[in-house]
Structures are given as structure tokens and as C-alpha cells.
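For reference, the structure is listed below as C-alpha cells.
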Amino acid sequence: IISPSRLKKPSAAHNNILEVNDDDDIQITSSNLTAPNVVFPHHRSLCGVHKFTPLSIIDNSDNAKFCTKCFCLLCDVPASQCKDWETNAGNPALGPHCHAHNGDEKWTNLLKAKRDAAAATSGTTAATAAARPPPTRNPYQRPQQHASTSSSNHQQIEQLIHNEFLSRLATNDTNNNSINLGNNKEERLRSRKEMRIPEVLAENFQKALKIQEEANSSAAGGSAVANNNNASAAAAMVDLTSPASTPTTTNSSTTTNTRYKMEGDIPTLSLTNFFVMGIKIGWPYPTVMSPQRQMAFHLIKALNSSKHVVLESPTGTGKSAAILCSVLAWQRHHWKKSGEKKEKVKIIYCSRTHSQVAQMVTSLKQTPYRPRMAILGSRERLCIHKSIKPRGGGSGEEVKGINVNNECRMRVRNTEKSRKHQLTNPTSHGPYEDDDPPDGPGDGDMGQSQQQQGEDGAAEGGESEENSFLSRQKTCPHYRQLSTSRVANLVHSAFVPNNGVDCCSIGGKESKFGAHDIEDLVQFGVDPNIQRGIALYRKEPTDSLGLSLKKGAGNRRGCFINKVKEDTPAAMNGSLQVEDRIVRVNGNDVFNSDPAHVSTMIKGLKKDPVVLDVTRGGSGSLSSRGGDGNYSSHAACPYYVTQLLAKDAEIVFAPYNYVLDPGIREAMGIELANTVVVLDEAHNVETVLRDAGSGRFGEIELCDLIVMLNSYAIIEKSTANMLELEDGNVGESETAHLCEVAHTLLLFVEKIVNKLRDDKKYFETNPGKKGAAQILRECEKFHKSDDSEFDISFEGPTGHGRMGKAVGCRPFFDKLGLTESDFLKLSVYADAFEKFLRGRDGNDGSSERDRISNLLDRLMELIGKMNSAMNESCHYYAAVMATANGSLEFAANGEVDSEGSGRWPKRKPKPIPLIPPRTAAHPDRPPNPCTNQYCRAQCTDVFNPIRHGSCCDGSTPRWEAFLCLELLTPGPLMQQLANECRTVVLASGSLAPIPSLCAELNLLRACYQTLSLSNQSIARAVHQRSKEDWPAKAQLPLS
């Protein structure tokens, strides 16, 4: 444990405050290492390598020897740089510095005189301050800036945003030189038309950050200029997008209380601090247990060297707290150490489920750290649309039977089209402004009758087809509100810690300062104008909060904030503003209460904190009553809000699959470059990785894909159906017709279906042990379940391979005639086809649209999983499995009792779809001949052309074949993840045996080390080699 050896005397400017100087001497008080004075810097007299003998003893010749960590006591430099180490020519009577030690008064007096002389030359400012009588300090006073410069800082920012900035942005005015909006208004309008709504939100959010940065910089710079006219304006700049932005001044007499300290932001929650390799870690508990200290040590060591670490410690040893505090302290230390580059390292903290992720956010609130954070969730958890996922008691019952993902995508697509149409044609429905978007007729749940009424009205009134689109398509008002500057400003106010706020002075566990969970995001989306859970802490229960209250003007009822006094808990918190209406006090409804009642209630509270909910928007016109389930007119989509926060967050919380599954990771836009990925409860990581790399595709759903692809393959070529191919390395032009892309994908799916049907035919006709007849007899004998699966064919890593190399499932692809170049082309074509289907008008019914969207998702998954199996064939096996279609009874007799004779009803068998021109009445009609040039060239008999979809005859087979692609080891996916990020941390209470775990995850070097964290806990930590040293493929054997 490295701790300061002394504290400075109380500052003259601030009485009774002890300040720790980073330049003070340090001493090792205790350590878990065998020889701490070998690893850490130390004075020569404390060296653990070379023996030190005091000068009073004759034999002291070894004192001149030193190790690489030895420092000179007097010169405060490494021993190798001391000029008077062995011979002191300037003061021979004193002797060489190698004999200096703290036990001799001669050396300690000389050291004290040297320090006093250095302090005397520090300038006249400190002497003047010391001569003044020490003033009485307010316990809530902000030490980093004067009251005159900090007065109403946050209110001034809000007024600036809401008045001048919002008016300029709403009118697309670009005359403000401080914000680069383009060269002229026409260019600005053109760029807005090309931007999507999330991009507009991101732009507005960055402007809010910039305004906050400039306001904080001007406040800090004003204090600096008043004391030093030569101060540079750049010295007071604040980078709010960095993980450790700190306002600085050049005033030597003003103590700078810096946010983003290594030990945390709320000192009252940092019950104790401890040092690890020079990093000061704030700890929320009175003591630090030995397992926690060692976990912190190995985490810091791995983070400094960009290595990966595995931690195992039983439940109850404080893994989560040790990991959170250690990585956050290291993050701030690394930002400070990076110098002018200000390298930002993002932390992604993952757990298995959403509930466990919520527990991690709760654990974060227990610590003294309040970083900029984000928590990722699905549309299912974050959607607030009344027709999809209504929120609150007054918003209706939950809607069932809706695919939230498909419904959200469709509404977002239609909203974007509606916005772009109105921006391009301002005369059709009036001028469209992003800062005040109009409501759309499709914001609710439009049924077919409403759509028909819109079509009839368009026909009668002569409305154009494009304008009629706006009146009959489903849109989302919450997504549309994201383009307003008000929402961007409220997001910044609610979820971004304000660097100008002195939250380091006072606070507690209820102090949010940007910390939030899924429920906070949903509540914010329903009514962004309500600021919830503003916790105010007082030094004493009788202290004032610093709020001046007033009645509402005119007919407005309720209690409003008239003034926020400086240097009080309300001002320190920074979340309250003038004209905010108090809605709740510690959960008690005061929406219609007068100021006297609210004041009496607050004064009657004897315990901290005082938790306030306030609404920002005057009376109920802009904001509904807080938390009663009513939606505000400015309700904004929280799903895209959290996507915005995750881009610049210092720590992101998410479930496992968001990071471990490559498909979900790409869809969520999670970037792993220069990140620290923490996988808590990592005993499930192997299963999650294997499931993420595996896939199962049935014969019937593949036939559905054939029918869908065939419907697009027969479309005539036209310029309206040209698709852009993003990859130019596919051997084709940059564009291709829709019919050609669909035909290529159709051939691919048809190959797989033909393979499945051929293997299933062999299974049904095989009279041996592997045949259907024998399988049915065994199932009846042993009473197997209806969902039992049976192997038909298998291609996997068996035997010794070919020529000493693993083969895996490569023979499966050889039988299909597929190569790596085919999958490159298929991937590009599938992306273009998906983009086309996602971007077209949603004229289909809800069920049909959901069916097509699900089929498209399965097509993308099929190509992605097969491409991975092709590239990593030695780690995959491909098998064709058979299962009864519905039930074993139907597979045996072709009939099934619909009610079922057992406890559970029998599943109904699924029919194969019909391909046009086949119908239920005429299922034997031949499919239409293929008109594609490729198929026509392959045809050798003009009277027997190639026809696609012959298998889609509407029959109900007794057995259904499945293609199963199974990833046998999680190593390839984990290796891909670890190669992209900086450090991977795996922590759990049950990871043993660790060597086999690391080998399976491709995390094991030639020799591994197992470290005991505690005699009681039997925890382990394993450091792994740097990712640059890993092999490209293949696992390393255990040593």
C-alpha cells in the first residue's frame, strides 16, 4: 500500500482543509508482495536488493550499489542520475548521498532546509494569502471558482440554448460564427435533407456539449484572467467528450477541485482509498479485503500492459465492486497519463441478463464514481409507442401479438420518408421544421379502414400519390421528436454529468449525476420534461437547501423555484433551474401544493437525502403530471437516445449477447477498438459463444424463402429496381438488377433444400437401423418425445483429417459446390437485397410484413453462419437432421388426433408452401420456367426448361429435414472479440479449471500462472499474453 508520508499544513485560503500534494514523499506501509522494495521505487536505505549500512558502521562499502528502482533521498532523482552519489565535491564534510537515510538527523535537517528554501521561492502570492486571517469557510462553498463567475452558470447555459441557439437552429440560421453550420442556408438545408433523424439528434447533442464546454471555459477563464493577465485562453478549455475533462486555472491561490479524480467524484461515498501501482482507487466500504486488493492489482497490471485477465473468486468476495472501481480509476489515470493525446478508453461492462445488468448499475451508484454511462437494451424493453408498448397506468393495456422489431422498423422507415418528402416539398403540407415537427396522421394505430378512407379521400380530392402516402402510413411521433433541439438539450441535462457542477463537494448513493437504468430511460422517453430523483444532501439536517420558492403566475397553481442560492446543496447538484415546478418531495405528491406547504414539508425532513421530482415546462401545457402514465407532447424514443449516449459514454452496460454475437454487435453499432470488455458472471460465456456461432434451418422455412425470392426473381428489369452493391470485389458492376440479385440468392437456397430433401428421402427409404421405420419402432418402445432429432448425414472434424490437417465440415460445402468466393458474392447480394426490402413502402398487412421481415432475417443469418462455417470449417460440423413433422404419430400413420390422447395436445404438422401458379385446388401445376439468362444457358432441353420451386407443392411431409451448423468451440468468436478490443476481463465465482477454459477460448499462452487471492476464498487470476502474440488460428496446447 503506497500512501503519502505527510500532509501539507492547512491552506491559508481555506481553513481546516488538509491538502494532499502529489509531489510529497511516499512510503510503503504494507504490501501483498514478497519484496515490495524491489518492485516499487524506494530510497536507497530501503532497497530490498542491496544491503544498506548506516554511516556509523565502518563497513558501508555496499551503500554505493543501487538497483533500477533506487532514488536519492536529497536530490529526489534516480540514484543513477545523482551527481553526488559516491563523491560530494561541493560539500566533502557532508559526505556522499549514497549514505543518506531518514534515521540520521544530519540528513533529515538538510532535507527539511532544502524543502523550506524551495517553498520560499514559490512566489509572493502564497505569502500574501498566509498573512491574511483565515476566513470562515462555508462547507458548501465551491473551491474551484469564484461566486461571481459561477453565478447561475447552468441557468445561463439553458437560456442560451433555449433562446438564441434554438431559434437559430429552428430557422436554419448559420450566421453564428461560433457554431459551424455550413457556408449558407441552402447548403444547410440540403445537408438536413440528407441526414436521418438520429444524425440530427447527434448533431444537436454535440452542440449542447459544445455550448456547455464554452460556458465552463469562460467561467474558468474569467477567474484566471483576473489573477494573471498572461493566462492562455486555451488553458481553461474543457473537453466534455473526454473521460477526464477538468477546468483549469492559472491562479495559484485558488484550489482546483477537479472532477474525474481517480478516487471518484463523491468523497462521501469513498469511505477509504487504496493505491495500486500508483493509481488511487476510491472504495465505497470501510475496509478492503485481501481478495479485492489482489483482484485490483492484477486488473491494473493487465490494463497497463494491454493484456487479458481471468479472475475467479467465490460469491461474496466483492468481485463487481473491485472490478468497477479498479477499471474506472485506471481509465481516469490512463487519460491523465496520455498527455496531449487524451486517449479515451471505453469500458463495456457485460453480464448475462438484463436484470443482472441493472444490478451492475445499482452497484455503480454505490461507488464514488459517476462516469458518463449508457445502458443498451432492446426495442422490446425501450419502446414507448402506445400502439406497441404502452407505458403507465393511463396509457391502455399491453398490446399482444405484435413483433416490436418489425413494427418499429416500419414506423421509423415511414417517418423518415414523410420527413424527407415534406423537407423536399415544403408547399404540400406547409414548411417542415426539425425543431417543431408536425404530428402525422399515422402516429396512432391505423387500421385497414382508415387506410382505405385515406385512399378514397385522395382519389376524391385529387391528392397526389406521394401526399396520400403521408396520410395512410404508420409513423412514430416519438422518433420524430428526436430531431428537436429541446430533446437533445434535455438528454444532455438528464444523462451527462455537468463538469461545471461541484458534485465532488457533497453527495450520496442517491446522487445520480447521469447514472441511470432502463426504467429511467423509459420514464424520460414518456416525458422528457420531468427531472426525476434529484437528490440533495445537506451537511446537517437543519441546513438550508438553498431554494427560494414562489407561487405560479396567473392561473398556474403549484410551487415553482424562484431562485437557486449559490454555494448551497441545490446549487451544488446543478440539476435544478429557475421556473422548475416541484412535483414530488420524497415521493409525496405536491403538484398542486403552495410554496408554504412544500417548504414546511422539506424542513420537516430530518434525514438525507431530500429527493425532488420537478417538471420543466411551466404548467401542464408542455409536461403532464409526473409519473401518472400520461405522455408528454415531447415524448421521445428512448431506444435511439441510449444509442446516442453509448457513442461517447465512458462505460456502457449491456447483456452478453450484445457483445459476443457478431451479428447483434454489428446491428447495435458497438465498436470494440480501444475498449476494455468486462464479462461478469463469465461461466456462461462459452455457451453463449457457441450458440452465437451455431444455426438451425428447417426445410419448410427454406421453402418459404424460395417462394419469396422467386417472386422477386421474375420481376422485369428496370431502372427503378436497380440495387447498389457496396462491395466492388464481387466480379460484377457496382449495380445490379433486383431480379438478378434475387435469382442468385434463390439458387443458393435451392441447393440447400435439394440437399436436405435428398438426405431425407434416403432416411425414409432406408430399411436399416438408421432408417425411419426402425426409428419409429424404437420411439414407440422407449416412449421418446415428438421433438426428438435423428442424424441422417454428418460432416465434422472426425478422425485424423486429410494429410494431417483438420477437415471439419468442408466436405459438406464441397458437395454443395460452394466456395469462399461464392459467399463473398452472396454476402454483398444479401446486403443489397435486405436494404431494398427494408426501404420499400409498408403497404402490406402487418402479418405479411412481419413474415417477410422474419424470412429476411433468417436469410441473412443463413448466409452469415454458413460463411463462418466455411472460413472456420475445422471448428464446425454440419449435419442433416430429421424430426417428425408435428408428432411421431403423424410420422408413423400420416394422421394425428387433433385433441391429443396425452397430457399435452399434439402439434399440428406444417405444410410446405405453394409456389405460383400452383394453388390449393391445382397443386400439380408446373412452376413457371426461369427466364434468367444463366438458367437458360444451362438448359439442354428446350422442351424441359429449368423451373424453380418444384419442391413447393403444398404437401404435408411426415418428416422435416433440418440443416444444423454447430460451432464446437467458442475460441474463434472469442479470438475475434479479443483481437479487436484492448483488454478482456472474465470474472466469475466458478471458472475452474482455468487452464482448460483459457485453452478453449484461445486465451492461453505457453505457460500459465495461477495466483491465490486469499487463503479463504481460493480465488485465481490468470494473465494472458498480449493479443499481438496470439496465433492467427488454432489453439495452443496446455503446458
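Following the order of the C-alpha cells, first chain is A, next is B, and so on, with residues numbered from 1 inside each chain and ligands from 1 in the order they appear.
Those residues that approach Leu747 of chain A to within 12 Å, counting only C-alpha atoms, are Leu702, Leu705, Ile706, Val707, Leu709, Asn710, Ala713, Glu740, Val741, Val753, Asn754, Leu816, Gly817, Leu818, Asp822, Leu826, Cys930, Asn932, Tyr934, Cys935, Ile946, Arg947, His948 and Gly949 of chain A; same-chain residues fewer than 6 positions away are not listed.
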Cys559 of chain A surroundings by only C-alpha atoms, 8 Å radius, close-in-sequence under 5 positions cut, as an MDAnalysis selection string: chainID A and resid 549:552 581:582 590:595 598
Do you know which residues are at most 10 Å from Thr819 of chain A counting only C-alpha atoms, after dropping those on the same chain fewer than 6 positions away, and could you put them as a list in words? Arg810, Phe813, Asn867, Met870 and Asn871 of chain A
If you run DSSP on the backbone, which residues of segment 498-641 of chain A are alpha helix (DSSP H), as JSON, numbers by chain? {"A": [518, 519, 520, 521, 522, 523, 524, 525, 526, 569, 570, 571, 572, 573, 595, 596, 597, 598, 599, 600, 601, 602, 603, 638, 639, 640, 641]}
Would you mind exporting the chosen residues as a tab-separated table (two decimals), in the first residue's frame, restricted to N, CA and C atoms?
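Contents of again.tsv, freshly written:
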```
chain	number	residue	atom	x	y	z
A	518	ILE	N	-32.66	1.16	-17.22
A	518	ILE	CA	-33.67	1.07	-18.29
A	518	ILE	C	-34.94	1.82	-17.90
A	519	GLU	N	-35.35	1.69	-16.65
A	519	GLU	CA	-36.58	2.35	-16.22
A	519	GLU	C	-36.45	3.87	-16.30
A	520	ASP	N	-35.28	4.39	-15.98
A	520	ASP	CA	-35.06	5.84	-16.10
A	520	ASP	C	-35.17	6.29	-17.55
A	521	LEU	N	-34.66	5.48	-18.48
A	521	LEU	CA	-34.75	5.83	-19.89
A	521	LEU	C	-36.21	5.83	-20.36
A	522	VAL	N	-36.98	4.83	-19.93
A	522	VAL	CA	-38.38	4.77	-20.34
A	522	VAL	C	-39.16	5.95	-19.78
A	523	GLN	N	-38.94	6.30	-18.52
A	523	GLN	CA	-39.61	7.44	-17.92
A	523	GLN	C	-39.21	8.74	-18.62
A	524	PHE	N	-37.95	8.86	-18.96
A	524	PHE	CA	-37.52	10.05	-19.70
A	524	PHE	C	-38.20	10.11	-21.06
A	525	GLY	N	-38.33	8.97	-21.75
A	525	GLY	CA	-38.96	8.97	-23.05
A	525	GLY	C	-40.42	9.37	-22.99
A	526	VAL	N	-41.15	8.90	-21.97
A	526	VAL	CA	-42.57	9.25	-21.84
A	526	VAL	C	-42.74	10.73	-21.60
A	569	PRO	N	-26.63	23.17	-1.27
A	569	PRO	CA	-26.80	21.85	-1.89
A	569	PRO	C	-27.53	21.88	-3.22
A	570	ALA	N	-28.53	22.77	-3.36
A	570	ALA	CA	-29.26	22.84	-4.62
A	570	ALA	C	-28.37	23.32	-5.75
A	571	ALA	N	-27.51	24.31	-5.45
A	571	ALA	CA	-26.59	24.80	-6.48
A	571	ALA	C	-25.50	23.79	-6.77
A	572	MET	N	-25.05	23.05	-5.75
A	572	MET	CA	-24.01	22.05	-5.95
A	572	MET	C	-24.51	20.93	-6.86
A	573	ASN	N	-25.78	20.55	-6.71
A	573	ASN	CA	-26.31	19.47	-7.53
A	573	ASN	C	-26.37	19.86	-8.99
A	595	PRO	N	-46.21	27.06	-2.06
A	595	PRO	CA	-44.83	27.07	-1.56
A	595	PRO	C	-44.71	26.88	-0.06
A	596	ALA	N	-45.66	27.42	0.72
A	596	ALA	CA	-45.57	27.28	2.17
A	596	ALA	C	-45.65	25.82	2.58
A	597	HIS	N	-46.57	25.08	1.95
A	597	HIS	CA	-46.71	23.65	2.29
A	597	HIS	C	-45.46	22.88	1.89
A	598	VAL	N	-44.92	23.17	0.72
A	598	VAL	CA	-43.72	22.46	0.27
A	598	VAL	C	-42.54	22.79	1.17
A	599	SER	N	-42.41	24.06	1.57
A	599	SER	CA	-41.31	24.45	2.43
A	599	SER	C	-41.40	23.77	3.78
A	600	THR	N	-42.61	23.71	4.34
A	600	THR	CA	-42.80	23.03	5.63
A	600	THR	C	-42.46	21.55	5.52
A	601	MET	N	-42.83	20.92	4.41
A	601	MET	CA	-42.55	19.51	4.22
A	601	MET	C	-41.04	19.25	4.15
A	602	ILE	N	-40.34	20.11	3.43
A	602	ILE	CA	-38.89	19.93	3.30
A	602	ILE	C	-38.19	20.15	4.63
A	603	LYS	N	-38.58	21.17	5.36
A	603	LYS	CA	-37.95	21.44	6.65
A	603	LYS	C	-38.24	20.34	7.65
A	638	PRO	N	-36.72	6.39	-26.36
A	638	PRO	CA	-35.52	6.12	-25.56
A	638	PRO	C	-34.55	5.14	-26.21
A	639	TYR	N	-35.03	4.33	-27.17
A	639	TYR	CA	-34.13	3.37	-27.82
A	639	TYR	C	-33.01	4.10	-28.56
A	640	TYR	N	-33.36	5.15	-29.30
A	640	TYR	CA	-32.34	5.90	-30.03
A	640	TYR	C	-31.60	6.86	-29.13
A	641	VAL	N	-32.19	7.23	-27.99
A	641	VAL	CA	-31.47	8.06	-27.03
A	641	VAL	C	-30.30	7.29	-26.44
```
Those in segment 703-757 of chain A with strand (DSSP E or B) from DSSP, as a ChimeraX atom specification: /A:722-724,735-737
Got time to write the residues from that selection, N, CA and C atoms, as a CSV table (one decimal), in the first residue's frame?
```csv
chain,number,residue,atom,x,y,z
A,722,MET,N,-33.0,-1.1,-59.6
A,722,MET,CA,-31.5,-1.2,-59.6
A,722,MET,C,-31.0,-1.2,-58.2
A,723,LEU,N,-30.2,-2.1,-57.8
A,723,LEU,CA,-29.7,-2.2,-56.4
A,723,LEU,C,-28.2,-1.8,-56.5
A,724,GLU,N,-27.8,-1.1,-55.4
A,724,GLU,CA,-26.4,-0.7,-55.3
A,724,GLU,C,-25.6,-1.8,-54.5
A,735,THR,N,-23.7,-1.9,-59.6
A,735,THR,CA,-25.2,-2.0,-59.5
A,735,THR,C,-25.6,-3.3,-60.2
A,736,ALA,N,-26.8,-3.8,-59.8
A,736,ALA,CA,-27.4,-5.0,-60.3
A,736,ALA,C,-28.9,-4.9,-60.2
A,737,HIS,N,-29.5,-5.5,-61.1
A,737,HIS,CA,-31.0,-5.6,-61.1
A,737,HIS,C,-31.5,-6.4,-60.0
```
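Computed from the coordinates, the atom CA of Arg115 of chain A to atom CA of Asn102 of chain A distance equals 14.8 Å.
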With a distance cut-off of 12 Å and only C-alpha atoms, select the neighbouring residues of Glu194 of chain A, excluding the residue or stretch itself and same-chain residues fewer than 6 positions from it, and output the selection as a PyMOL selection string. chain A and resi 187-188+200+416-417+419-421+423-424
Store the residues of this selection in a file with N, CA, C and O atoms, as a compact mmCIF listing (two decimals), in the first residue's frame.
```txt
# COMPACT_ATOMS: atom_id res chain seq x y z
N GLU A 187 -27.00 25.32 -48.29
CA GLU A 187 -26.19 24.14 -48.02
C GLU A 187 -26.66 23.46 -46.74
O GLU A 187 -26.67 22.23 -46.64
N ARG A 188 -27.06 24.27 -45.75
CA ARG A 188 -27.52 23.70 -44.50
C ARG A 188 -28.82 22.91 -44.72
O ARG A 188 -28.98 21.80 -44.21
N VAL A 200 -29.44 13.94 -36.93
CA VAL A 200 -29.80 15.28 -36.48
C VAL A 200 -29.71 15.36 -34.96
O VAL A 200 -29.21 16.34 -34.39
N GLU A 416 -39.16 8.56 -41.66
CA GLU A 416 -38.07 9.17 -42.42
C GLU A 416 -38.55 9.61 -43.80
O GLU A 416 -38.19 10.69 -44.29
N LYS A 417 -39.35 8.77 -44.45
CA LYS A 417 -39.85 9.13 -45.78
C LYS A 417 -40.77 10.34 -45.71
O LYS A 417 -40.71 11.23 -46.58
N ARG A 419 -40.73 12.74 -43.45
CA ARG A 419 -39.92 13.93 -43.18
C ARG A 419 -39.18 14.40 -44.43
O ARG A 419 -39.16 15.59 -44.76
N LYS A 420 -38.55 13.45 -45.14
CA LYS A 420 -37.82 13.83 -46.34
C LYS A 420 -38.74 14.42 -47.40
O LYS A 420 -38.39 15.38 -48.09
N HIS A 421 -39.96 13.86 -47.53
CA HIS A 421 -40.92 14.36 -48.51
C HIS A 421 -41.33 15.79 -48.18
O HIS A 421 -41.40 16.65 -49.07
N LEU A 423 -39.64 17.98 -46.32
CA LEU A 423 -38.50 18.89 -46.49
C LEU A 423 -38.25 19.20 -47.96
O LEU A 423 -37.86 20.33 -48.30
N THR A 424 -38.49 18.24 -48.83
CA THR A 424 -38.27 18.44 -50.26
C THR A 424 -39.40 19.23 -50.89
O THR A 424 -39.18 20.02 -51.81
```
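In this structure, atom CA of Glu895 of chain A sits 11.7 Å away from atom CA of Arg907 of chain A.
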Excluding Asn586 of chain A and any residue of its chain fewer than 6 positions from it, enumerate the residues within 7 Å of it, using only C-alpha atoms, and give them as a PyMOL selection string. chain A and resi 610-612
Based on the selection just made, write C-alpha atoms of those residues as a PDB file, in the first residue's frame.
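The resulting file, result_24.pdb, is shown below:
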```pdb
ATOM      1  CA  VAL A 610     -34.207  15.254   0.004  1.00  0.00           C
ATOM      2  CA  VAL A 611     -35.359  13.767  -3.320  1.00  0.00           C
ATOM      3  CA  LEU A 612     -37.224  16.112  -5.671  1.00  0.00           C
TER       4      LEU A 612
END
```
So that I can check the surroundings of Leu111 of chain A, please list as a ChimeraX atom specification every protein, DNA and RNA residue that reaches within 12 Å of it, counting only C-alpha atoms and ignoring chain neighbours fewer than 2 positions away. /A:25,72-76,97,100-102,104-109,113-118
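For Arg925 of chain A, the set of protein, DNA and RNA residues having any atom at most 10 Å away, when counting only C-alpha atoms and skipping those fewer than 3 positions along the same chain, is A:Ile915, A:Pro916, A:Pro917, A:Arg918, A:Thr919, A:Ala921, A:His922, A:Asn928, A:Ser950, A:Asp953.
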Write out the residues from the selection above, keeping N, CA and C atoms, as a compact mmCIF listing (two decimals), in the first residue's frame.
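part_4.txt was written with the following content:
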```
# COMPACT_ATOMS: atom_id res chain seq x y z
N ILE A 915 -45.97 -22.54 -54.55
CA ILE A 915 -45.34 -21.52 -55.38
C ILE A 915 -46.24 -21.24 -56.58
N PRO A 916 -46.46 -19.98 -56.92
CA PRO A 916 -47.31 -19.69 -58.10
C PRO A 916 -46.73 -20.33 -59.36
N PRO A 917 -47.58 -20.80 -60.27
CA PRO A 917 -49.05 -20.67 -60.32
C PRO A 917 -49.81 -21.77 -59.61
N ARG A 918 -49.14 -22.53 -58.75
CA ARG A 918 -49.82 -23.61 -58.04
C ARG A 918 -50.79 -23.02 -57.01
N THR A 919 -51.90 -23.69 -56.84
CA THR A 919 -52.90 -23.30 -55.85
C THR A 919 -53.32 -24.53 -55.07
N ALA A 921 -56.20 -25.83 -55.07
CA ALA A 921 -57.04 -26.67 -55.94
C ALA A 921 -56.24 -27.35 -57.03
N HIS A 922 -55.14 -26.74 -57.43
CA HIS A 922 -54.30 -27.30 -58.50
C HIS A 922 -52.84 -27.31 -58.05
N ASN A 928 -43.49 -21.81 -63.22
CA ASN A 928 -43.14 -21.10 -64.44
C ASN A 928 -41.67 -21.31 -64.78
N SER A 950 -39.89 -26.43 -57.54
CA SER A 950 -40.68 -27.64 -57.77
C SER A 950 -41.03 -28.35 -56.47
N ASP A 953 -44.95 -27.72 -53.24
CA ASP A 953 -46.17 -28.26 -53.83
C ASP A 953 -47.35 -28.27 -52.86
```
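The spacing separating atom CA of Ser320 of chain A from atom CA of Gly989 of chain A amounts to 11.1 Å.
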